[in-house]
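Engineer: Contents of entry-v1.cif (mmCIF, C-alpha atoms and all ligand atoms) are given next:
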```
data_data
#
loop_
_atom_site.label_atom_id
_atom_site.label_comp_id
_atom_site.auth_asym_id
_atom_site.auth_seq_id
_atom_site.Cartn_x
_atom_site.Cartn_y
_atom_site.Cartn_z
CA MET A 20 0.00 0.00 0.00
CA ALA A 21 1.48 3.36 -1.07
CA VAL A 22 1.95 5.89 1.74
CA THR A 23 -0.59 8.70 1.52
CA GLN A 24 0.96 12.16 1.72
CA ARG A 25 -0.95 14.44 -0.62
CA ILE A 26 -4.69 14.83 -0.10
CA GLY A 27 -7.07 16.69 -2.39
CA VAL A 28 -10.22 18.17 -0.84
CA VAL A 29 -12.97 19.15 -3.27
CA GLY A 30 -15.35 21.77 -1.85
CA LEU A 31 -14.06 23.97 0.96
CA GLY A 32 -17.37 24.73 2.67
CA ALA A 33 -18.21 23.87 6.28
CA MET A 34 -16.99 20.28 6.01
CA GLY A 35 -14.24 20.53 3.37
CA SER A 36 -12.42 23.38 5.12
CA GLY A 37 -12.62 21.48 8.42
CA ILE A 38 -11.24 18.33 6.79
CA ALA A 39 -8.45 20.34 5.13
CA GLN A 40 -7.57 21.88 8.50
CA VAL A 41 -7.40 18.50 10.23
CA ALA A 42 -5.21 17.12 7.42
CA ILE A 43 -2.64 19.95 7.38
CA GLU A 44 -2.44 19.82 11.18
CA ALA A 45 -1.67 16.12 10.92
CA GLY A 46 1.19 16.76 8.48
CA PHE A 47 -0.46 15.97 5.14
CA ASP A 48 -0.04 18.23 2.12
CA VAL A 49 -3.48 19.42 1.04
CA VAL A 50 -4.71 20.94 -2.16
CA GLY A 51 -8.24 22.28 -1.83
CA ARG A 52 -10.46 22.88 -4.84
CA GLU A 53 -13.26 25.45 -4.89
CA VAL A 54 -15.35 26.79 -7.75
CA ALA A 55 -14.21 30.40 -7.32
CA ASP A 56 -11.06 32.15 -6.02
CA ASP A 57 -12.93 34.18 -3.40
CA LEU A 58 -14.44 30.99 -1.89
CA ALA A 59 -10.99 29.38 -1.76
CA ARG A 60 -9.55 32.52 -0.16
CA ALA A 61 -12.34 32.67 2.41
CA ALA A 62 -11.74 29.01 3.34
CA THR A 63 -7.99 29.58 3.73
CA GLU A 64 -8.69 32.59 5.95
CA ARG A 65 -11.15 30.56 8.05
CA ILE A 66 -8.60 27.81 8.56
CA GLY A 67 -5.91 30.40 9.43
CA HIS A 68 -8.28 31.98 11.94
CA PHE A 69 -8.98 28.65 13.69
CA LEU A 70 -5.27 27.80 13.86
CA THR A 71 -4.48 31.26 15.28
CA ARG A 72 -7.14 30.67 17.94
CA LYS A 73 -5.30 27.48 18.85
CA VAL A 74 -2.05 29.46 19.17
CA GLU A 75 -3.83 31.98 21.43
CA LYS A 76 -5.11 29.14 23.60
CA GLY A 77 -1.63 27.64 23.85
CA GLN A 78 -2.62 24.47 21.95
CA ARG A 79 -0.18 25.14 19.06
CA SER A 80 3.00 27.13 18.65
CA PRO A 81 3.08 29.92 16.03
CA GLU A 82 5.68 27.85 14.13
CA GLU A 83 3.35 24.83 14.03
CA ARG A 84 0.51 27.01 12.72
CA ASP A 85 2.73 28.50 10.01
CA ALA A 86 4.06 25.08 8.99
CA ALA A 87 0.50 23.70 8.78
CA LEU A 88 -0.69 26.62 6.66
CA ALA A 89 2.34 26.20 4.38
CA ARG A 90 1.10 22.67 3.63
CA LEU A 91 -2.21 24.07 2.27
CA SER A 92 -2.72 25.26 -1.28
CA THR A 93 -5.95 25.98 -3.13
CA THR A 94 -7.03 25.93 -6.73
CA THR A 95 -10.10 26.29 -8.93
CA ASP A 96 -8.58 23.85 -11.45
CA LEU A 97 -9.54 20.24 -10.73
CA GLY A 98 -6.54 19.10 -12.80
CA THR A 99 -4.24 20.28 -9.96
CA LEU A 100 -5.46 17.26 -7.96
CA GLY A 101 -3.84 14.89 -10.47
CA ASP A 102 -0.92 13.99 -8.20
CA CYS A 103 -2.97 13.40 -5.03
CA ASP A 104 -2.82 10.02 -3.27
CA LEU A 105 -6.32 10.50 -1.87
CA VAL A 106 -9.13 12.89 -2.82
CA ILE A 107 -11.96 13.65 -0.38
CA GLU A 108 -15.08 15.15 -1.93
CA ALA A 109 -17.22 17.53 0.19
CA VAL A 110 -19.44 19.36 -2.33
CA VAL A 111 -23.20 19.88 -2.25
CA GLU A 112 -25.27 16.88 -1.02
CA GLU A 113 -26.80 15.95 -4.39
CA LEU A 114 -26.21 12.77 -6.33
CA GLU A 115 -25.72 14.08 -9.87
CA PRO A 116 -23.07 16.74 -9.12
CA LYS A 117 -21.16 14.14 -7.05
CA ARG A 118 -21.37 11.54 -9.82
CA ALA A 119 -20.17 14.07 -12.42
CA LEU A 120 -17.28 15.03 -10.16
CA PHE A 121 -16.16 11.42 -9.55
CA SER A 122 -16.24 10.74 -13.28
CA GLU A 123 -13.95 13.77 -13.79
CA LEU A 124 -11.70 12.79 -10.88
CA GLU A 125 -11.25 9.31 -12.32
CA ALA A 126 -9.90 10.82 -15.53
CA ILE A 127 -7.59 13.24 -13.69
CA CYS A 128 -6.19 11.20 -10.79
CA ARG A 129 -3.53 8.50 -10.82
CA ALA A 130 -4.93 4.98 -11.15
CA ASP A 131 -3.81 4.10 -7.61
CA ALA A 132 -5.38 7.19 -5.98
CA VAL A 133 -8.29 6.54 -3.62
CA LEU A 134 -11.43 8.64 -4.18
CA ALA A 135 -13.57 9.29 -1.11
CA THR A 136 -16.92 11.00 -0.60
CA ASN A 137 -18.00 12.74 2.60
CA THR A 138 -21.70 12.23 1.80
CA SER A 139 -24.01 11.89 4.81
CA ALA A 140 -27.04 10.27 3.23
CA LEU A 141 -26.36 9.39 -0.41
CA SER A 142 -25.30 5.96 -1.61
CA VAL A 143 -21.53 5.66 -1.98
CA THR A 144 -22.15 2.76 -4.37
CA GLU A 145 -24.22 4.98 -6.69
CA ILE A 146 -21.50 7.64 -6.66
CA ALA A 147 -18.85 5.00 -7.38
CA ALA A 148 -20.95 3.64 -10.26
CA ALA A 149 -20.28 6.87 -12.19
CA THR A 150 -16.67 5.69 -12.58
CA ARG A 151 -15.11 2.74 -14.40
CA SER A 152 -12.95 2.04 -11.34
CA PRO A 153 -15.49 1.77 -8.50
CA GLU A 154 -13.04 -0.37 -6.52
CA ARG A 155 -11.12 2.76 -5.53
CA VAL A 156 -14.15 4.66 -4.24
CA VAL A 157 -15.04 4.66 -0.52
CA GLY A 158 -16.98 6.85 1.91
CA MET A 159 -15.12 8.91 4.52
CA HIS A 160 -17.91 10.45 6.60
CA PHE A 161 -16.56 13.16 8.89
CA PHE A 162 -18.82 14.80 11.48
CA ASN A 163 -19.44 18.50 11.89
CA PRO A 164 -17.30 20.34 12.98
CA ALA A 165 -14.59 18.09 11.56
CA PRO A 166 -11.72 19.54 13.64
CA LEU A 167 -13.60 18.77 16.88
CA MET A 168 -15.57 15.58 16.23
CA PRO A 169 -13.42 12.43 16.60
CA LEU A 170 -15.48 9.96 14.52
CA VAL A 171 -15.00 9.21 10.84
CA GLU A 172 -17.17 6.45 9.34
CA VAL A 173 -15.20 4.61 6.66
CA VAL A 174 -17.79 3.26 4.26
CA ARG A 175 -17.25 0.21 2.09
CA ALA A 176 -19.36 0.44 -1.06
CA GLU A 177 -20.42 -2.70 -2.97
CA LEU A 178 -17.29 -2.75 -5.13
CA SER A 179 -14.73 -0.99 -2.89
CA SER A 180 -11.42 -2.86 -2.75
CA ASP A 181 -9.88 -3.95 0.55
CA GLU A 182 -6.89 -1.77 -0.32
CA ALA A 183 -8.99 1.39 -0.75
CA VAL A 184 -10.77 0.77 2.56
CA GLU A 185 -7.43 0.11 4.31
CA THR A 186 -5.96 3.32 2.89
CA ALA A 187 -8.92 5.31 4.23
CA LEU A 188 -8.69 3.64 7.65
CA GLU A 189 -4.96 4.33 7.83
CA VAL A 190 -5.43 8.00 6.91
CA VAL A 191 -8.17 8.41 9.54
CA GLU A 192 -5.77 7.01 12.19
CA ARG A 193 -3.02 9.40 11.07
CA LEU A 194 -5.50 12.28 11.29
CA GLY A 195 -5.87 11.40 14.97
CA LYS A 196 -9.54 10.49 14.47
CA VAL A 197 -11.52 7.40 15.45
CA PRO A 198 -12.42 5.28 12.42
CA VAL A 199 -15.47 3.03 12.36
CA SER A 200 -15.69 0.80 9.33
CA CYS A 201 -19.16 -0.01 7.97
CA HIS A 202 -21.00 -1.05 4.83
CA ASP A 203 -22.88 1.30 2.52
CA THR A 204 -26.36 1.40 4.04
CA PRO A 205 -28.64 4.46 4.32
CA GLY A 206 -27.39 6.75 7.10
CA PHE A 207 -24.40 4.45 7.75
CA VAL A 208 -24.17 4.03 11.55
CA VAL A 209 -24.68 7.28 13.46
CA ASN A 210 -27.31 8.99 11.30
CA ARG A 211 -29.27 5.73 10.92
CA VAL A 212 -29.71 5.81 14.69
CA LEU A 213 -29.65 9.52 15.47
CA ILE A 214 -31.97 10.94 12.83
CA PRO A 215 -35.10 8.94 13.75
CA LEU A 216 -34.26 9.46 17.42
CA LEU A 217 -34.14 13.25 17.02
CA ASN A 218 -37.35 13.13 14.98
CA ASP A 219 -39.01 11.23 17.85
CA CYS A 220 -37.78 13.90 20.26
CA VAL A 221 -39.37 16.66 18.17
CA ARG A 222 -42.67 14.73 17.96
CA VAL A 223 -42.65 14.39 21.76
CA LEU A 224 -42.57 18.19 22.05
CA ASP A 225 -46.13 18.29 20.71
CA GLU A 226 -47.39 14.94 22.02
CA ALA A 227 -46.31 15.48 25.62
CA ARG A 228 -46.73 19.24 25.38
CA VAL A 229 -43.32 20.10 26.75
CA THR A 230 -41.11 23.06 25.92
CA PRO A 231 -37.73 22.66 24.16
CA GLU A 232 -36.08 23.65 27.46
CA SER A 233 -37.96 20.89 29.33
CA LEU A 234 -37.26 18.27 26.68
CA ASP A 235 -33.56 19.14 26.70
CA ALA A 236 -33.54 19.00 30.51
CA ALA A 237 -35.28 15.61 30.38
CA MET A 238 -32.80 14.06 27.97
CA THR A 239 -29.67 15.49 29.58
CA ASN A 240 -30.74 14.65 33.14
CA GLY A 241 -32.70 11.48 32.50
CA ALA A 242 -30.84 9.83 29.63
CA GLY A 243 -27.37 11.25 30.21
CA TRP A 244 -27.20 12.97 26.83
CA PRO A 245 -24.35 15.51 26.77
CA MET A 246 -26.62 17.96 24.95
CA GLY A 247 -30.40 18.17 24.65
CA PRO A 248 -32.04 17.22 21.32
CA CYS A 249 -33.34 20.73 20.56
CA THR A 250 -29.92 22.23 21.23
CA LEU A 251 -28.38 19.56 19.02
CA VAL A 252 -30.76 20.07 16.07
CA ASP A 253 -30.18 23.84 16.32
CA LEU A 254 -26.44 23.20 16.17
CA VAL A 255 -26.62 20.77 13.24
CA GLY A 256 -28.95 23.11 11.32
CA ILE A 257 -32.70 22.47 10.87
CA ASP A 258 -32.23 22.44 7.07
CA VAL A 259 -29.37 19.93 7.23
CA HIS A 260 -31.40 17.66 9.54
CA VAL A 261 -34.57 17.87 7.40
CA HIS A 262 -32.59 17.16 4.23
CA ALA A 263 -30.94 14.08 5.77
CA SER A 264 -34.31 12.88 7.18
CA GLU A 265 -35.95 13.18 3.77
CA ALA A 266 -33.09 11.27 2.14
CA LEU A 267 -33.32 8.44 4.70
CA TYR A 268 -37.11 8.31 4.50
CA GLU A 269 -36.95 8.05 0.73
CA LYS A 270 -34.64 5.04 1.04
CA LEU A 271 -36.04 3.22 4.09
CA ARG A 272 -39.71 4.25 4.10
CA GLU A 273 -39.81 4.05 7.87
CA PRO A 274 -42.25 6.68 9.24
CA ARG A 275 -39.82 7.68 12.00
CA MET A 276 -37.30 8.74 9.35
CA ALA A 277 -39.67 11.33 7.85
CA PRO A 278 -39.03 14.85 9.13
CA PRO A 279 -41.77 15.99 11.56
CA PRO A 280 -43.98 18.75 10.04
CA ARG A 281 -42.84 21.10 12.79
CA LEU A 282 -39.23 20.87 11.56
CA VAL A 283 -40.25 21.27 7.91
CA ALA A 284 -42.21 24.42 8.84
CA MET A 285 -39.19 25.80 10.73
CA ARG A 286 -36.95 25.08 7.73
CA ASN A 287 -39.41 26.81 5.38
CA ALA A 288 -39.58 29.83 7.68
CA GLY A 289 -35.79 30.17 7.74
CA LEU A 290 -35.53 29.20 11.40
CA LEU A 291 -32.43 27.10 10.80
CA GLY A 292 -30.93 27.16 14.28
CA ARG A 293 -27.67 28.73 15.35
CA LYS A 294 -26.56 29.72 11.89
CA THR A 295 -29.57 32.03 11.36
CA GLY A 296 -29.78 33.15 14.99
CA ARG A 297 -33.13 31.39 15.59
CA GLY A 298 -34.32 27.81 15.78
CA PHE A 299 -35.79 26.19 18.87
CA TYR A 300 -33.81 28.83 20.74
CA SER A 301 -32.83 32.39 19.98
CA TYR A 302 -29.11 33.18 19.60
CA GLU A 303 -29.36 36.91 18.92
N1 LIG A 401 -22.76 20.07 7.34
C1 LIG A 401 -22.78 18.90 7.97
O1 LIG A 401 -23.24 18.79 9.12
C2 LIG A 401 -22.22 17.67 7.31
C3 LIG A 401 -21.74 16.62 8.11
C4 LIG A 401 -21.18 15.50 7.49
C5 LIG A 401 -21.15 15.43 6.10
N2 LIG A 401 -21.64 16.47 5.35
C6 LIG A 401 -21.57 16.34 3.89
O2 LIG A 401 -20.44 17.06 3.42
C7 LIG A 401 -20.72 17.58 2.12
C8 LIG A 401 -20.50 19.10 2.13
O3 LIG A 401 -21.37 19.67 3.09
P1 LIG A 401 -21.11 21.15 3.68
O4 LIG A 401 -22.04 21.31 4.84
O5 LIG A 401 -19.65 21.38 3.86
O6 LIG A 401 -21.63 22.06 2.46
P2 LIG A 401 -21.26 23.57 2.13
O7 LIG A 401 -22.39 24.09 1.31
O8 LIG A 401 -20.85 24.31 3.35
O9 LIG A 401 -19.95 23.44 1.20
C9 LIG A 401 -19.94 22.92 -0.10
C10 LIG A 401 -18.86 23.66 -0.87
O10 LIG A 401 -18.58 22.95 -2.09
C11 LIG A 401 -18.31 23.91 -3.09
N3 LIG A 401 -18.52 23.22 -4.38
C12 LIG A 401 -19.66 22.87 -4.98
N4 LIG A 401 -19.39 22.20 -6.14
C13 LIG A 401 -18.04 22.12 -6.24
C14 LIG A 401 -17.14 21.54 -7.17
N5 LIG A 401 -17.58 20.90 -8.25
N6 LIG A 401 -15.81 21.65 -6.93
C15 LIG A 401 -15.36 22.30 -5.83
N7 LIG A 401 -16.16 22.86 -4.92
C16 LIG A 401 -17.48 22.76 -5.12
C17 LIG A 401 -19.27 25.06 -2.80
O11 LIG A 401 -18.81 26.26 -3.39
C18 LIG A 401 -19.25 25.09 -1.27
O12 LIG A 401 -18.26 25.98 -0.78
C19 LIG A 401 -22.16 17.15 1.78
O13 LIG A 401 -22.11 15.95 1.05
C20 LIG A 401 -22.76 16.93 3.16
O14 LIG A 401 -23.84 16.03 3.16
C21 LIG A 401 -22.16 17.59 5.92
#
```
How would this structure read if it were set down as structure tokens?
Ligand SMILES: NC(=O)c1ccc[n+]([C@@H]2O[C@H](COP(=O)([O-])OP(=O)(O)OC[C@H]3O[C@@H](n4cnc5c(N)ncnc54)[C@H](O)[C@@H]3O)[C@@H](O)[C@H]2O)c1
Structural biologist:
Amino acid sequence: MAVTQRIGVVGLGAMGSGIAQVAIEAGFDVVGREVADDLARAATERIGHFLTRKVEKGQRSPEERDAALARLSTTTDLGTLGDCDLVIEAVVEELEPKRALFSELEAICRADAVLATNTSALSVTEIAAATRSPERVVGMHFFNPAPLMPLVEVVRAELSSDEAVETALEVVERLGKVPVSCHDTPGFVVNRVLIPLLNDCVRVLDEARVTPESLDAAMTNGAGWPMGPCTLVDLVGIDVHVHASEALYEKLREPRMAPPPRLVAMRNAGLLGRKTGRGFYSYE
């Protein structure tokens, strides 16, 4: 197995920039691809800001921050990813753009490069099927925010090779994260369990006529959750949660997977949680 040193990250949004940060901190060379220069610049600045915060908190030396940032480059040209050992895709959560991207990546990247998707709820197998070399495609599902959340689900699609899965597992270890290997099933491990559970929590708000504060107090004090469900959905983003629920419901047809009408109404009203200042709670 070739040693992975150069990682391409496609899409430097919330997840991609977090993944790029984790990788440069762990000593990998990273080339990040965005669709426009200003988006790439904004991502680089965001990463620089988070690393500077770590310096201020005494978690990193200024030299370590500068060395990590020197390992990061960005581009708008996908062709620049041609010499990467591993490419991690973190673009919009829609099947067709991901399939088109993997088909392009296959043509650009070395034959031995592993191609990974960070999808939360799409089928890795369907993404891999857009290529003629599906054996080198795997899922690497990071959690948000990637620099803080330890878990990465390493997803084996129907035709993934052992070697591609092992490469992904090895990289996750070197990133200092906790890998959990699983097969390509809707929601993988955590979202398969967590999404219907959070939907149940939201339904209980109306059924038991409790407030978000009371429900959060119940689950933190009675079930030992580190954070109440309403606080958690606000943090994840109501839109992100509804989108993932809809995707799982479409695949599994289990009623608990369907987003509760209350959440759909909040999404439609723009009450998306922390990121818009209002969700179950107000953050203004
Ligand atoms: N946000 C989460 O909580 C979360 C958690 C785990 C996984 N994910 C998954 O990660 C992926 C990205 O999610 P996100 O929240 O970071 O989205 P985001 O909207 O914050 O970022 C996506 C970025 O990709 C860029 N982009 C789109 N097409 C591109 C292309 N062809 N080449 C390069 N860049 C391109 C966009 O400009 C944008 O900056 C999705 O598949 C999502 O399901 C999200």
Engineer: Can you work out the spacing between CA of Cys220 in chain A and CA of Val252 in chain A in Å, to one decimal?
Structural biologist: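 So the answer is 10.2 Å.
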Engineer: Which polymer residues have any atom within 6 Å of an atom of Ile107 in chain A, counting all atoms listed in the file, with same-chain residues fewer than 6 positions away left out, as a ChimeraX atom specification?
Structural biologist: /A:28,135-136
Engineer: Select the residues contacting ligand LIG 401 (chain A) at a distance of at most 6 Å, based on all atoms listed in the file, then format the selection as a ChimeraX atom specification.
Structural biologist: /A:29-35,52-54,109-112,137-139,160-163,255
Engineer: Name the closest residue to Ser179 in chain A among the candidates A:Ala242, A:Leu234, A:Val157, A:Ala148; distances are taken between atoms, counting only C-alpha atoms.
Structural biologist: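 Between A:Ala242, A:Leu234, A:Val157, A:Ala148, the residue approaching Ser179 in chain A most closely is A:Val157.
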Engineer: Applying 7 Å and only C-alpha atoms, which residues near range 209-218 of chain A remain after dropping the ones on its own chain fewer than 3 positions away? List them as a PyMOL selection string.
Structural biologist: chain A and resi 205-206+221-222+248+264+275-276+278-279
Engineer: Got a sec: who's within 10 Å of Lys196 in chain A, counting all atoms listed in the file, leaving out chain neighbours fewer than 5 positions off, as a ChimeraX atom specification?
Structural biologist: /A:41,161,165-171,188,190-191
Engineer: Just the selected residues (C-alpha atoms), exported as a JSON list (two decimals), in the frame of the given file, please.
Structural biologist:
```json
[["chain", "number", "residue", "atom", "x", "y", "z"],
["A", 41, "VAL", "CA", -7.40, 18.50, 10.23],
["A", 161, "PHE", "CA", -16.56, 13.16, 8.89],
["A", 165, "ALA", "CA", -14.59, 18.09, 11.56],
["A", 166, "PRO", "CA", -11.72, 19.54, 13.64],
["A", 167, "LEU", "CA", -13.60, 18.77, 16.88],
["A", 168, "MET", "CA", -15.57, 15.58, 16.23],
["A", 169, "PRO", "CA", -13.42, 12.43, 16.60],
["A", 170, "LEU", "CA", -15.48, 9.96, 14.52],
["A", 171, "VAL", "CA", -15.00, 9.21, 10.84],
["A", 188, "LEU", "CA", -8.69, 3.64, 7.65],
["A", 190, "VAL", "CA", -5.43, 8.00, 6.91],
["A", 191, "VAL", "CA", -8.17, 8.41, 9.54]]
```
